[in-house]
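Q: I am attaching a structure below and will ask some questions about it afterwards.
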Amino acid sequence: MEVASLVLPVFAIIVTGWLAGELGYLSRSLADALVHFAYNVAMPALLIVTIAQEPARNLLEWRFLLAFGGGSLICFALVFLAVRAGGKHDLASSTIHGMAAAMTNTGFVALPILHAIYGQPAVLPAAVATVFVAAVMFPITVILLERDADARGPARPAGLVKQILLNPMVLSTLIGLVWAITGLPIPAAVATYLNMIAAALTPCALFAIGLGLSVEGLRSNLGTSFALAAVKLVVMPLIVYGLCLITGLNPLYTVAAVICAAVPTAKTVYVLAHEHKVEEKLVAATVSVTTMLSVATLLVALYLLSGLATGTH
């Protein structure tokens, strides 16, 4: 029951935020401040400390990156193109739809689950998956969102590049990657400082999701959210597993890749959606739905993979 004990508290924080707003205990407008803090302060701290502390050579396990990363990008592309083909959504909306189905909560759900069940050896692939999400999926999202925003105004290519590079998500990712390449350790005091700020991300983002979530918003997006949840929790793990078989990935890393693919939508998709004012209600509903359903789907995935991982830890 390690899965339930790790996922249910995540859902409980969302429900707590919803109750606080629904009962009038806190103003729903406070969700904006929480998201701004998460986006501009807590998330950059987490990205820097996560990426910088991972040896550069560990970030280059190409079979794992091809399986997990390839599965993430394929699912994003499938949903993105399907939504765009419908003709009802612009670039930003299509991007958020795609990321809601493909950006995975590796750091806060997959990593502790894998560590609890398979021990320290399973932490590295989960960390690599977390870095992939940070170094590839976040920048792709930001670039597409900023490109859409720029398209609505005057064409300023130089201004767009500057806007992307100075985005907190992209800038902190670049800082982390440069630090990892140098191989220099982060001073203990600096690491402690960054970890303390980063620790605020989960409660702030999850509580903000709940605080900004209304019953009407949940109902109006329920059908789309369940469709995105099906891609996130079923289709994506199957694609990743297929890529693991094709690349000949070892059993433990195969389990890690599939579990990383099978966890809920990352709460940071909501942070991005809220910051850019795009499909906020849809993402809040999707994070809630995938978090709730993942308790069951993760248990099934772990059961089906249990024989594969026997003797690997």
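The chains in the structure tokens are called A, B, ... from first to last as shown; in each chain the residues are counted from 1, and the ligands are counted from 1 in the order shown.
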To test your reading of the structure, identify every residue in stretch 71-265 of chain A that backbone DSSP assigns to alpha helix (DSSP H), and report it as a JSON list (two decimals) with C-alpha atoms, in the first residue's frame.
A:
```
[["chain", "number", "residue", "atom", "x", "y", "z"],
["A", 71, "GLY", "CA", 7.10, 8.22, -24.66],
["A", 72, "SER", "CA", 6.54, 11.65, -23.10],
["A", 73, "LEU", "CA", 7.15, 13.49, -26.37],
["A", 74, "ILE", "CA", 5.04, 11.05, -28.42],
["A", 75, "CYS", "CA", 2.04, 11.47, -26.08],
["A", 76, "PHE", "CA", 2.46, 15.23, -26.09],
["A", 77, "ALA", "CA", 2.61, 15.28, -29.90],
["A", 78, "LEU", "CA", -0.42, 13.00, -30.28],
["A", 79, "VAL", "CA", -2.64, 15.13, -28.03],
["A", 80, "PHE", "CA", -1.24, 18.43, -29.31],
["A", 81, "LEU", "CA", -1.86, 17.51, -32.95],
["A", 82, "ALA", "CA", -5.30, 16.06, -32.23],
["A", 83, "VAL", "CA", -6.39, 19.23, -30.44],
["A", 84, "ARG", "CA", -4.90, 21.49, -33.13],
["A", 85, "ALA", "CA", -6.58, 19.45, -35.86],
["A", 91, "LEU", "CA", -1.22, 27.14, -29.96],
["A", 92, "ALA", "CA", -1.17, 27.86, -26.21],
["A", 93, "SER", "CA", -4.32, 25.87, -25.48],
["A", 94, "SER", "CA", -3.12, 22.92, -27.58],
["A", 95, "THR", "CA", 0.23, 23.01, -25.75],
["A", 96, "ILE", "CA", -1.43, 22.86, -22.34],
["A", 97, "HIS", "CA", -3.70, 20.01, -23.46],
["A", 98, "GLY", "CA", -0.65, 18.08, -24.63],
["A", 99, "MET", "CA", 1.38, 18.68, -21.49],
["A", 100, "ALA", "CA", -1.57, 17.77, -19.25],
["A", 101, "ALA", "CA", -1.42, 14.34, -20.88],
["A", 102, "ALA", "CA", 2.36, 13.99, -21.04],
["A", 111, "LEU", "CA", 10.71, 8.83, -7.08],
["A", 112, "PRO", "CA", 9.45, 8.14, -3.53],
["A", 113, "ILE", "CA", 7.37, 5.17, -4.74],
["A", 114, "LEU", "CA", 10.34, 3.59, -6.51],
["A", 115, "HIS", "CA", 12.64, 4.29, -3.56],
["A", 116, "ALA", "CA", 10.16, 2.78, -1.09],
["A", 117, "ILE", "CA", 9.70, -0.41, -3.14],
["A", 118, "TYR", "CA", 13.02, -0.98, -4.92],
["A", 123, "VAL", "CA", 16.38, 6.51, -7.40],
["A", 124, "LEU", "CA", 18.80, 7.31, -10.24],
["A", 125, "PRO", "CA", 16.43, 6.58, -13.16],
["A", 126, "ALA", "CA", 13.66, 8.48, -11.37],
["A", 127, "ALA", "CA", 16.06, 11.41, -10.93],
["A", 128, "VAL", "CA", 17.00, 11.26, -14.64],
["A", 129, "ALA", "CA", 13.28, 11.29, -15.53],
["A", 130, "THR", "CA", 12.80, 14.31, -13.28],
["A", 131, "VAL", "CA", 15.69, 16.09, -15.00],
["A", 132, "PHE", "CA", 14.24, 15.24, -18.44],
["A", 138, "PHE", "CA", 9.31, 22.61, -19.28],
["A", 139, "PRO", "CA", 11.30, 24.59, -21.87],
["A", 140, "ILE", "CA", 9.21, 23.18, -24.74],
["A", 141, "THR", "CA", 6.06, 24.29, -22.93],
["A", 142, "VAL", "CA", 7.40, 27.75, -22.15],
["A", 143, "ILE", "CA", 8.71, 28.27, -25.70],
["A", 144, "LEU", "CA", 5.35, 27.36, -27.25],
["A", 145, "LEU", "CA", 3.40, 29.47, -24.75],
["A", 146, "GLU", "CA", 5.69, 32.47, -25.24],
["A", 147, "ARG", "CA", 5.56, 31.99, -29.02],
["A", 148, "ASP", "CA", 1.77, 32.09, -28.89],
["A", 149, "ALA", "CA", 1.81, 35.22, -26.73],
["A", 150, "ASP", "CA", 4.30, 36.86, -29.08],
["A", 151, "ALA", "CA", 2.17, 35.94, -32.11],
["A", 152, "ARG", "CA", -0.72, 37.96, -30.67],
["A", 157, "PRO", "CA", 12.09, 37.57, -32.65],
["A", 158, "ALA", "CA", 14.87, 39.04, -30.50],
["A", 159, "GLY", "CA", 12.40, 39.99, -27.80],
["A", 160, "LEU", "CA", 10.89, 36.49, -27.86],
["A", 161, "VAL", "CA", 14.30, 34.83, -27.44],
["A", 162, "LYS", "CA", 15.09, 37.13, -24.51],
["A", 163, "GLN", "CA", 11.69, 36.44, -22.97],
["A", 164, "ILE", "CA", 12.22, 32.67, -23.23],
["A", 165, "LEU", "CA", 15.78, 32.72, -21.87],
["A", 168, "PRO", "CA", 12.33, 31.42, -14.52],
["A", 169, "MET", "CA", 11.80, 27.80, -15.65],
["A", 170, "VAL", "CA", 14.22, 27.96, -18.58],
["A", 171, "LEU", "CA", 16.84, 30.07, -16.80],
["A", 172, "SER", "CA", 16.95, 27.82, -13.74],
["A", 173, "THR", "CA", 17.19, 24.73, -15.98],
["A", 174, "LEU", "CA", 20.15, 26.23, -17.84],
["A", 175, "ILE", "CA", 21.86, 27.15, -14.56],
["A", 176, "GLY", "CA", 21.39, 23.61, -13.28],
["A", 177, "LEU", "CA", 22.71, 22.04, -16.49],
["A", 178, "VAL", "CA", 25.80, 24.28, -16.57],
["A", 179, "TRP", "CA", 26.50, 23.44, -12.92],
["A", 180, "ALA", "CA", 26.08, 19.71, -13.59],
["A", 181, "ILE", "CA", 28.49, 19.88, -16.54],
["A", 182, "THR", "CA", 31.17, 21.58, -14.42],
["A", 188, "ALA", "CA", 26.08, 22.57, 1.66],
["A", 189, "ALA", "CA", 24.58, 25.85, 2.86],
["A", 190, "VAL", "CA", 23.41, 26.74, -0.67],
["A", 191, "ALA", "CA", 21.90, 23.28, -1.20],
["A", 192, "THR", "CA", 20.08, 23.52, 2.14],
["A", 193, "TYR", "CA", 18.79, 26.98, 1.21],
["A", 194, "LEU", "CA", 17.51, 25.81, -2.19],
["A", 195, "ASN", "CA", 15.96, 22.65, -0.76],
["A", 196, "MET", "CA", 14.10, 24.64, 1.90],
["A", 197, "ILE", "CA", 12.56, 26.90, -0.76],
["A", 198, "ALA", "CA", 11.90, 23.97, -3.09],
["A", 201, "LEU", "CA", 6.48, 23.92, -4.05],
["A", 202, "THR", "CA", 4.30, 20.87, -3.40],
["A", 203, "PRO", "CA", 2.01, 22.32, -0.71],
["A", 204, "CYS", "CA", 1.75, 25.69, -2.47],
["A", 205, "ALA", "CA", 0.98, 24.31, -5.92],
["A", 206, "LEU", "CA", -1.41, 21.58, -4.76],
["A", 207, "PHE", "CA", -3.25, 23.87, -2.34],
["A", 208, "ALA", "CA", -3.55, 26.51, -5.09],
["A", 209, "ILE", "CA", -5.02, 23.91, -7.46],
["A", 210, "GLY", "CA", -7.71, 23.10, -4.91],
["A", 211, "LEU", "CA", -8.31, 26.72, -3.93],
["A", 215, "VAL", "CA", -17.37, 22.29, -8.76],
["A", 216, "GLU", "CA", -18.65, 23.99, -11.90],
["A", 217, "GLY", "CA", -15.16, 24.10, -13.38],
["A", 218, "LEU", "CA", -14.60, 20.44, -12.56],
["A", 219, "ARG", "CA", -17.91, 19.39, -14.12],
["A", 220, "SER", "CA", -17.45, 21.47, -17.26],
["A", 222, "LEU", "CA", -14.71, 16.37, -16.68],
["A", 223, "GLY", "CA", -15.04, 14.68, -20.08],
["A", 224, "THR", "CA", -11.84, 16.19, -21.47],
["A", 225, "SER", "CA", -10.02, 15.57, -18.19],
["A", 226, "PHE", "CA", -10.90, 11.86, -18.24],
["A", 227, "ALA", "CA", -9.73, 11.63, -21.86],
["A", 228, "LEU", "CA", -6.40, 13.27, -20.94],
["A", 229, "ALA", "CA", -6.19, 11.02, -17.87],
["A", 230, "ALA", "CA", -6.60, 7.94, -20.05],
["A", 236, "MET", "CA", 1.76, 6.75, -22.03],
["A", 237, "PRO", "CA", 2.94, 3.83, -19.79],
["A", 238, "LEU", "CA", 2.18, 1.37, -22.62],
["A", 239, "ILE", "CA", 4.16, 3.42, -25.15],
["A", 240, "VAL", "CA", 7.07, 3.75, -22.71],
["A", 241, "TYR", "CA", 7.02, 0.00, -22.00],
["A", 242, "GLY", "CA", 7.10, -0.71, -25.73],
["A", 243, "LEU", "CA", 10.12, 1.58, -26.15],
["A", 244, "CYS", "CA", 11.82, -0.16, -23.20],
["A", 245, "LEU", "CA", 11.45, -3.51, -25.01],
["A", 246, "ILE", "CA", 12.69, -2.08, -28.30],
["A", 247, "THR", "CA", 15.81, -0.52, -26.72],
["A", 251, "PRO", "CA", 14.53, -4.72, -15.92],
["A", 252, "LEU", "CA", 14.91, -2.21, -13.07],
["A", 253, "TYR", "CA", 15.17, 0.76, -15.42],
["A", 254, "THR", "CA", 12.18, -0.59, -17.36],
["A", 255, "VAL", "CA", 10.10, -0.66, -14.19],
["A", 256, "ALA", "CA", 11.30, 2.84, -13.30],
["A", 257, "ALA", "CA", 10.47, 4.20, -16.77],
["A", 258, "VAL", "CA", 6.95, 2.74, -16.74],
["A", 259, "ILE", "CA", 6.18, 3.92, -13.20],
["A", 260, "CYS", "CA", 7.51, 7.40, -14.00],
["A", 261, "ALA", "CA", 5.13, 7.43, -16.98],
["A", 262, "ALA", "CA", 2.18, 6.14, -14.95]]
```
Q: Identify, on the basis of only C-alpha atoms, every residue whose closest approach to A:Thr104 does not exceed 6 Å; exclude the query and any residue fewer than 2 positions from it along the same chain; express the result as a PyMOL selection string.
A: chain A and resi 106+265-266
Q: Only C-alpha atoms, please: the residues just picked out, written as a PDB file, in the first residue's frame.
A:
```pdb
ATOM      1  CA  THR A 106       8.230  12.149 -11.361  1.00  0.00           C
ATOM      2  CA  THR A 265       0.021  14.888 -14.320  1.00  0.00           C
ATOM      3  CA  ALA A 266       2.633  17.226 -12.854  1.00  0.00           C
TER       4      ALA A 266
END
```
Q: Would you compute the distance between atom CA of A:Trp62 and atom CA of A:Leu304? Give it in Å to one decimal.
A: 24.7 Å
Q: Considering only C-alpha atoms, state which residue in the set A:Asn167, A:Gly21, A:Lys281, A:Leu26 is at the smallest distance from A:Val41.
A: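 Looking at the shortest contact to A:Val41, the residue is A:Asn167.
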Q: My list of candidates is A:Leu299, A:Ile186, A:Met103, A:Val287. Which is closest to A:Met137 when distances are computed with only C-alpha atoms?
A: A:Met103
Q: Which residue gives the smallest distance to A:His274 among A:Tyr39, A:Ser5, A:Ala200, A:Tyr303, with only C-alpha atoms counted?
A: A:Tyr39
Q: What gap, in Å, lies between atom CA of A:Tyr270 and atom CA of A:Ala38?
A: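 Between atom CA of A:Tyr270 and atom CA of A:Ala38 the gap is 10.5 Å.
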Q: Please indicate the distance in Å from atom CA of A:Ala52 to atom CA of A:Lys232, rounded to one decimal place.
A: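 Atom CA of A:Lys232 lies 28.0 Å from atom CA of A:Ala52.
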